[in-house]
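One file, model38.pdb, is given below (PDB, C-alpha atoms and all ligand atoms).
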```pdb
ATOM      1  CA  MET A   1       5.932   0.942  17.403
ATOM      2  CA  ILE A   2       5.282   4.515  16.369
ATOM      3  CA  LYS A   3       4.581   6.549  19.473
ATOM      4  CA  PHE A   4       5.101   9.879  21.138
ATOM      5  CA  SER A   5       5.023  11.415  24.596
ATOM      6  CA  VAL A   6       2.115  13.688  25.465
ATOM      7  CA  SER A   7       4.076  15.749  27.994
ATOM      8  CA  ARG A   8       6.767  16.412  25.407
ATOM      9  CA  LEU A   9       4.134  17.383  22.856
ATOM     10  CA  ASP A  10       2.849  19.959  25.357
ATOM     11  CA  LYS A  11       6.199  21.732  25.017
ATOM     12  CA  GLU A  12       7.062  21.309  21.338
ATOM     13  CA  PRO A  13       6.089  19.648  18.057
ATOM     14  CA  ILE A  14       7.564  16.165  17.705
ATOM     15  CA  GLU A  15       9.225  14.748  14.624
ATOM     16  CA  LEU A  16       8.555  11.049  14.179
ATOM     17  CA  LYS A  17      10.884   9.514  11.652
ATOM     18  CA  GLY A  18      12.055   5.964  11.192
ATOM     19  CA  THR A  19      11.347   2.514   9.896
ATOM     20  CA  GLU A  20       9.385  -0.496  11.058
ATOM     21  CA  ASP A  21       9.953  -4.107  10.025
ATOM     22  CA  LYS A  22       7.906  -5.210   7.075
ATOM     23  CA  GLU A  23       6.075  -7.584   9.436
ATOM     24  CA  PHE A  24       4.680  -4.462  11.093
ATOM     25  CA  ILE A  25       2.352  -3.897   8.158
ATOM     26  CA  ALA A  26       0.656  -7.293   8.620
ATOM     27  CA  LEU A  27      -1.114  -7.484   5.285
ATOM     28  CA  PRO A  28      -4.525  -9.058   5.302
ATOM     29  CA  GLU A  29      -4.373 -12.615   3.961
ATOM     30  CA  ASN A  30      -3.575 -12.007   0.325
ATOM     31  CA  ASP A  31      -1.821 -14.169  -2.229
ATOM     32  CA  ALA A  32      -1.482 -11.387  -4.764
ATOM     33  CA  TYR A  33       1.510  -9.678  -3.200
ATOM     34  CA  THR A  34       3.822  -9.466  -0.232
ATOM     35  CA  VAL A  35       5.550  -6.602   1.524
ATOM     36  CA  VAL A  36       9.258  -6.667   0.716
ATOM     37  CA  ALA A  37      10.615  -3.493   2.322
ATOM     38  CA  PRO A  38      10.412  -1.936   5.780
ATOM     39  CA  LEU A  39       7.821   0.741   6.394
ATOM     40  CA  GLU A  40       9.460   4.166   6.269
ATOM     41  CA  TYR A  41       7.642   7.018   7.910
ATOM     42  CA  ALA A  42       8.173  10.743   8.379
ATOM     43  CA  LEU A  43       5.545  12.357  10.563
ATOM     44  CA  THR A  44       5.100  15.484  12.632
ATOM     45  CA  ALA A  45       2.918  15.677  15.707
ATOM     46  CA  VAL A  46       1.667  19.085  16.857
ATOM     47  CA  LYS A  47      -0.592  20.036  19.717
ATOM     48  CA  ILE A  48      -3.908  21.505  18.700
ATOM     49  CA  SER A  49      -7.025  22.273  20.677
ATOM     50  CA  GLY A  50      -8.126  19.111  22.451
ATOM     51  CA  GLY A  51      -5.650  16.793  20.877
ATOM     52  CA  ALA A  52      -2.745  16.117  18.594
ATOM     53  CA  LEU A  53      -2.545  16.484  14.853
ATOM     54  CA  ILE A  54      -0.252  14.039  13.053
ATOM     55  CA  THR A  55       0.738  14.850   9.501
ATOM     56  CA  GLY A  56       3.238  13.315   7.122
ATOM     57  CA  SER A  57       3.744  10.301   4.957
ATOM     58  CA  CYS A  58       4.801   6.677   4.968
ATOM     59  CA  ARG A  59       5.855   4.211   2.315
ATOM     60  CA  THR A  60       6.870   0.652   1.609
ATOM     61  CA  VAL A  61       7.378  -1.665  -1.367
ATOM     62  CA  ILE A  62       5.255  -4.641  -2.327
ATOM     63  CA  SER A  63       6.110  -7.437  -4.706
ATOM     64  CA  GLY A  64       3.764  -9.613  -6.716
ATOM     65  CA  VAL A  65       2.693 -10.490 -10.221
ATOM     66  CA  CYS A  66       0.856  -8.294 -12.673
ATOM     67  CA  GLY A  67      -2.831  -9.195 -12.789
ATOM     68  CA  ARG A  68      -2.769  -9.173 -16.592
ATOM     69  CA  CYS A  69       0.587 -10.414 -17.866
ATOM     70  CA  LEU A  70       1.782 -12.296 -14.764
ATOM     71  CA  GLU A  71       5.198 -10.642 -14.868
ATOM     72  CA  GLU A  72       6.744 -10.197 -11.450
ATOM     73  CA  LEU A  73       6.965  -6.627 -10.318
ATOM     74  CA  GLU A  74       7.707  -4.425  -7.365
ATOM     75  CA  GLN A  75       5.650  -1.375  -6.605
ATOM     76  CA  GLU A  76       6.064   1.416  -4.112
ATOM     77  CA  ILE A  77       3.023   2.003  -1.946
ATOM     78  CA  SER A  78       2.718   5.242  -0.056
ATOM     79  CA  ALA A  79       0.327   7.267   2.025
ATOM     80  CA  ASP A  80       1.383  10.824   1.263
ATOM     81  CA  ASP A  81      -1.146  13.058   2.940
ATOM     82  CA  ILE A  82      -1.638  11.559   6.342
ATOM     83  CA  GLU A  83      -3.704  13.811   8.573
ATOM     84  CA  LEU A  84      -4.607  12.201  11.817
ATOM     85  CA  PHE A  85      -6.360  13.716  14.792
ATOM     86  CA  ILE A  86      -5.724  12.047  18.133
ATOM     87  CA  ASP A  87      -7.995  12.950  21.036
ATOM     88  CA  LEU A  88      -5.786  13.562  24.054
ATOM     89  CA  GLU A  89      -8.527  13.781  26.624
ATOM     90  CA  ASP A  90      -7.865  11.109  29.292
ATOM     91  CA  ALA A  91      -5.035   9.891  27.086
ATOM     92  CA  PRO A  92      -2.104   7.950  28.529
ATOM     93  CA  GLU A  93       1.291   9.667  28.671
ATOM     94  CA  GLU A  94       2.477   7.723  25.671
ATOM     95  CA  ILE A  95       0.369   7.577  22.509
ATOM     96  CA  ASP A  96       0.883   4.649  20.159
ATOM     97  CA  ILE A  97      -0.213   5.513  16.630
ATOM     98  CA  SER A  98       1.064   2.302  15.023
ATOM     99  CA  ASP A  99      -2.424   1.054  14.163
ATOM    100  CA  ASP A 100      -3.461   4.391  12.681
ATOM    101  CA  ILE A 101      -0.398   4.618  10.464
ATOM    102  CA  ARG A 102      -0.815   0.991   9.377
ATOM    103  CA  GLU A 103      -4.425   1.765   8.417
ATOM    104  CA  GLU A 104      -3.346   4.791   6.397
ATOM    105  CA  LEU A 105      -1.037   2.595   4.362
ATOM    106  CA  LEU A 106      -3.488  -0.277   3.938
ATOM    107  CA  ILE A 107      -6.160   1.916   2.352
ATOM    108  CA  ASN A 108      -3.605   2.771  -0.331
ATOM    109  CA  LEU A 109      -2.975  -0.836  -1.299
ATOM    110  CA  PRO A 110      -4.146  -1.651  -4.814
ATOM    111  CA  MET A 111      -6.864  -4.260  -5.364
ATOM    112  CA  ASN A 112      -4.862  -5.663  -8.253
ATOM    113  CA  LEU A 113      -1.271  -5.150  -9.192
ATOM    114  CA  LEU A 114      -0.601  -3.951 -12.713
ATOM    115  CA  CYS A 115       2.876  -3.570 -14.194
ATOM    116  CA  ASP A 116       1.436  -0.678 -16.161
ATOM    117  CA  GLU A 117      -2.049   0.768 -16.491
ATOM    118  CA  ASP A 118      -1.781   0.057 -20.184
ATOM    119  CA  CYS A 119      -0.454  -3.465 -19.752
ATOM    120  CA  ALA A 120      -1.517  -5.409 -22.835
ATOM    121  CA  GLY A 121      -1.766  -8.705 -20.986
ATOM    122  CA  LEU A 122      -1.341 -12.174 -22.425
ATOM    123  CA  CYS A 123      -2.577 -13.473 -25.748
ATOM    124  CA  SER A 124      -5.706 -15.525 -25.162
ATOM    125  CA  GLU A 125      -4.602 -18.015 -27.823
ATOM    126  CA  CYS A 126      -0.939 -18.683 -27.265
ATOM    127  CA  GLY A 127      -0.183 -17.022 -23.932
ATOM    128  CA  ASN A 128       2.414 -14.711 -25.444
ATOM    129  CA  ASN A 129       3.130 -11.583 -23.388
ATOM    130  CA  LEU A 130       1.724  -8.878 -25.654
ATOM    131  CA  ASN A 131       3.833  -6.192 -23.976
ATOM    132  CA  LYS A 132       6.932  -7.822 -25.426
ATOM    133  CA  LYS A 133       5.796  -8.693 -28.907
ATOM    134  CA  SER A 134       2.533  -8.709 -30.799
ATOM    135  CA  CYS A 135       0.959 -11.912 -31.974
ATOM    136  CA  SER A 136       0.174 -13.209 -35.412
ATOM    137  CA  CYS A 137      -1.864 -16.126 -34.075
ATOM    138  CA  GLY A 138      -5.110 -14.154 -34.108
ATOM    139  CA  GLY A 139      -5.638 -14.259 -30.354
ATOM    140  CA  LYS A 140      -6.757 -11.258 -28.368
ATOM    141  CA  SER A 141      -5.481  -9.750 -25.184
ATOM    142  CA  SER A 142      -6.687 -11.654 -22.189
ATOM    143  CA  GLY A 143      -7.289  -8.341 -20.442
ATOM    144  CA  SER A 144      -7.854  -8.755 -16.752
ATOM    145  CA  LEU A 145      -7.374 -12.360 -15.695
ATOM    146  CA  ALA A 146     -10.035 -11.888 -13.082
ATOM    147  CA  TRP A 147     -12.574 -11.181 -15.774
ATOM    148  CA  SER A 148     -11.468 -14.009 -18.022
ATOM    149  CA  ALA A 149     -11.812 -16.359 -15.058
ATOM    150  CA  LEU A 150     -15.411 -15.173 -14.697
ATOM    151  CA  ASP A 151     -15.967 -15.830 -18.403
ATOM    152  CA  ASP A 152     -14.844 -19.406 -17.867
ATOM    153  CA  LEU A 153     -17.559 -19.782 -15.271
ATOM    154  CA  ASN A 154     -20.132 -18.473 -17.746
ATOM    155  CA  ILE A 155     -21.465 -15.898 -15.303
TER     156      ILE A 155
HETATM  157 ZN    ZN B 201       1.444  -6.547 -16.926
HETATM  158 ZN    ZN B 202      -0.956 -15.301 -29.677
END
```
How does this structure look as structure tokens?
Amino acid sequence: MIKFSVSRLDKEPIELKGTEDKEFIALPENDAYTVVAPLEYALTAVKISGGALITGSCRTVISGVCGRCLEELEQEISADDIELFIDLEDAPEEIDISDDIREELLINLPMNLLCDEDCAGLCSECGNNLNKKSCSCGGKSSGSLAWSALDDLNI
């Protein structure tokens, strides 16, 4: 859990640094990728009028396959400009910001993993990975698999 003491914050800013198990992130049900590294966070809590301001960053690594070429890849995911206001009115002595930090990371998750924005994808004819070598079979890049799946459905 990522938490801090309100009475201590009254006296001084608090540095919150550490890691949480990768299970902490609890990805929404998603077959596209999994979290493979602990969450690392470096945050500072300061007292401001009426509450606490939490700033800092957190990061982890996810693993999955590229949505175009199906190569396995790992990608760092980070929330770099966290700015969180916590209302301290009627707050308990200990504030748990785990959920807030988890949310900050989740909004930075990609919809689709790509090994590279310019990933050439797979040949629609022979399935060759066009990032590795070009094709002479006359096929085209499959582009996004999601879209080609829609084509198959004739939507
Ligand atoms: Zn790719
Ligand atoms: Zn081909």
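Interatomic distance, atom CA of A:Ala120 against atom CA of A:Ala37: 28.0 Å.
Note that the spacing between atom CA of A:Ser5 and atom CA of A:Glu83 amounts to 18.4 Å.
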Residues within 12 Å of ligand ZN 202 (chain B) should be enumerated using all atoms listed in the file and returned as a PyMOL selection string.
-> chain A and resi 121-142
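Nearest residue to A:Ser78 among A:Leu27, A:Leu53, A:Leu113, A:Val61 is A:Val61, counting only C-alpha atoms.
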Nearby residues (only C-alpha atoms) at most 12 Å from A:Pro28, same-chain spacing under 2 positions excluded, as a ChimeraX atom specification | /A:23-26,30-35,102-103,106-107,109,111
Contacts between stretch 10-20 of chain A and stretch 40-98 of chain A, please, where a residue of stretch 40-98 of chain A counts if it comes within 6 Å (with all atoms listed in the file); show its shortest atom pair and distance in Å to one decimal, rows by chain and ascending number, as JSON lines.
```
{"residue": "A:Glu40", "atom": "CA", "partner": "A:Thr19", "partner_atom": "CA", "distance": 4.4}
{"residue": "A:Tyr41", "atom": "CA", "partner": "A:Lys17", "partner_atom": "CA", "distance": 5.5}
{"residue": "A:Ala42", "atom": "CA", "partner": "A:Lys17", "partner_atom": "CA", "distance": 4.4}
{"residue": "A:Leu43", "atom": "CA", "partner": "A:Leu16", "partner_atom": "CA", "distance": 4.9}
{"residue": "A:Thr44", "atom": "CA", "partner": "A:Glu15", "partner_atom": "CA", "distance": 4.6}
{"residue": "A:Ala45", "atom": "CA", "partner": "A:Ile14", "partner_atom": "CA", "distance": 5.1}
{"residue": "A:Val46", "atom": "CA", "partner": "A:Pro13", "partner_atom": "CA", "distance": 4.6}
```
Output for the residues just chosen: C-alpha atoms as a short mmCIF file (atom, residue, chain, number, x, y, z; two decimals), in the frame of the given file:
```
data_model
loop_
_atom_site.label_atom_id
_atom_site.label_comp_id
_atom_site.auth_asym_id
_atom_site.auth_seq_id
_atom_site.Cartn_x
_atom_site.Cartn_y
_atom_site.Cartn_z
CA GLU A 40 9.46 4.17 6.27
CA TYR A 41 7.64 7.02 7.91
CA ALA A 42 8.17 10.74 8.38
CA LEU A 43 5.54 12.36 10.56
CA THR A 44 5.10 15.48 12.63
CA ALA A 45 2.92 15.68 15.71
CA VAL A 46 1.67 19.08 16.86
#
```
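Near ligand ZN 201 (chain B), at distances of 6 Å or less and with all atoms listed in the file counted, sit the residues A:Cys66, A:Arg68, A:Cys69, A:Glu71, A:Leu114, A:Cys115, A:Asp116, A:Cys119, A:Gly121.
The closest residue to A:Ile101, picked from A:Val6, A:Ile62, A:Ile86, A:Ala79 and counting all atoms listed in the file, is A:Ala79.
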A:Gly50: which residues within 10 Å, counting all atoms listed in the file, same-chain residues fewer than 5 positions away excluded, as number ranges by chain?
-> A: 85-89
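Here the question is which of A:Asp118, A:Glu29, A:Glu74, A:Glu94 gets nearest to A:Lys3 using all atoms listed in the file, and that residue is A:Glu94.
Atom CA of A:Asn112 sits 6.1 Å away from atom CA of A:Gly67.
Between A:Ile97 and the residues A:Leu70, A:Ile54, A:Leu9, A:Val36, the shortest atom-to-atom distance, using all atoms listed in the file, involves A:Ile54.
The list of residues within 7 Å of (-0.5, 12.9, 5.7), counted using all atoms listed in the file, is Thr55, Gly56, Ser57, Ala79, Asp80, Asp81, Ile82 and Glu83 of chain A.
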Complete stretch 65-82 of chain A at the level of N, CA and C atoms, written as an mmCIF file, in the coordinates of the input.
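result_39.cif, freshly written:
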```cif
data_model
loop_
_atom_site.group_PDB
_atom_site.id
_atom_site.type_symbol
_atom_site.label_atom_id
_atom_site.label_comp_id
_atom_site.auth_asym_id
_atom_site.auth_seq_id
_atom_site.Cartn_x
_atom_site.Cartn_y
_atom_site.Cartn_z
ATOM 1 N N VAL A 65 2.740 -10.349 -8.767
ATOM 2 C CA VAL A 65 2.693 -10.490 -10.221
ATOM 3 C C VAL A 65 1.590 -9.608 -10.777
ATOM 4 N N CYS A 66 1.834 -9.128 -11.982
ATOM 5 C CA CYS A 66 0.856 -8.294 -12.673
ATOM 6 C C CYS A 66 -0.415 -9.110 -12.911
ATOM 7 N N GLY A 67 -1.555 -8.509 -12.635
ATOM 8 C CA GLY A 67 -2.831 -9.195 -12.789
ATOM 9 C C GLY A 67 -3.186 -9.502 -14.239
ATOM 10 N N ARG A 68 -2.473 -8.917 -15.180
ATOM 11 C CA ARG A 68 -2.769 -9.173 -16.592
ATOM 12 C C ARG A 68 -1.730 -10.052 -17.265
ATOM 13 N N CYS A 69 -0.439 -9.696 -17.097
ATOM 14 C CA CYS A 69 0.587 -10.414 -17.866
ATOM 15 C C CYS A 69 1.393 -11.375 -17.001
ATOM 16 N N LEU A 70 1.127 -11.378 -15.690
ATOM 17 C CA LEU A 70 1.782 -12.296 -14.764
ATOM 18 C C LEU A 70 3.284 -12.071 -14.598
ATOM 19 N N GLU A 71 3.797 -10.968 -15.112
ATOM 20 C CA GLU A 71 5.198 -10.642 -14.868
ATOM 21 C C GLU A 71 5.355 -10.232 -13.405
ATOM 22 N N GLU A 72 6.492 -10.625 -12.826
ATOM 23 C CA GLU A 72 6.744 -10.197 -11.450
ATOM 24 C C GLU A 72 7.091 -8.721 -11.434
ATOM 25 N N LEU A 73 6.655 -8.048 -10.393
ATOM 26 C CA LEU A 73 6.965 -6.627 -10.318
ATOM 27 C C LEU A 73 7.035 -6.187 -8.865
ATOM 28 N N GLU A 74 7.694 -5.055 -8.685
ATOM 29 C CA GLU A 74 7.707 -4.425 -7.365
ATOM 30 C C GLU A 74 7.086 -3.057 -7.507
ATOM 31 N N GLN A 75 6.333 -2.660 -6.510
ATOM 32 C CA GLN A 75 5.650 -1.375 -6.605
ATOM 33 C C GLN A 75 5.726 -0.661 -5.275
ATOM 34 N N GLU A 76 6.044 0.635 -5.341
ATOM 35 C CA GLU A 76 6.064 1.416 -4.112
ATOM 36 C C GLU A 76 4.634 1.791 -3.731
ATOM 37 N N ILE A 77 4.338 1.624 -2.453
ATOM 38 C CA ILE A 77 3.023 2.003 -1.946
ATOM 39 C C ILE A 77 3.248 3.100 -0.922
ATOM 40 N N SER A 78 2.510 4.183 -1.034
ATOM 41 C CA SER A 78 2.718 5.242 -0.056
ATOM 42 C C SER A 78 1.399 5.872 0.365
ATOM 43 N N ALA A 79 1.412 6.417 1.556
ATOM 44 C CA ALA A 79 0.327 7.267 2.025
ATOM 45 C C ALA A 79 0.980 8.633 2.199
ATOM 46 N N ASP A 80 0.631 9.569 1.324
ATOM 47 C CA ASP A 80 1.383 10.824 1.263
ATOM 48 C C ASP A 80 0.774 11.970 2.057
ATOM 49 N N ASP A 81 -0.500 11.914 2.289
ATOM 50 C CA ASP A 81 -1.146 13.058 2.940
ATOM 51 C C ASP A 81 -1.827 12.635 4.226
ATOM 52 N N ILE A 82 -1.064 12.011 5.075
ATOM 53 C CA ILE A 82 -1.638 11.559 6.342
ATOM 54 C C ILE A 82 -2.017 12.770 7.183
#
```
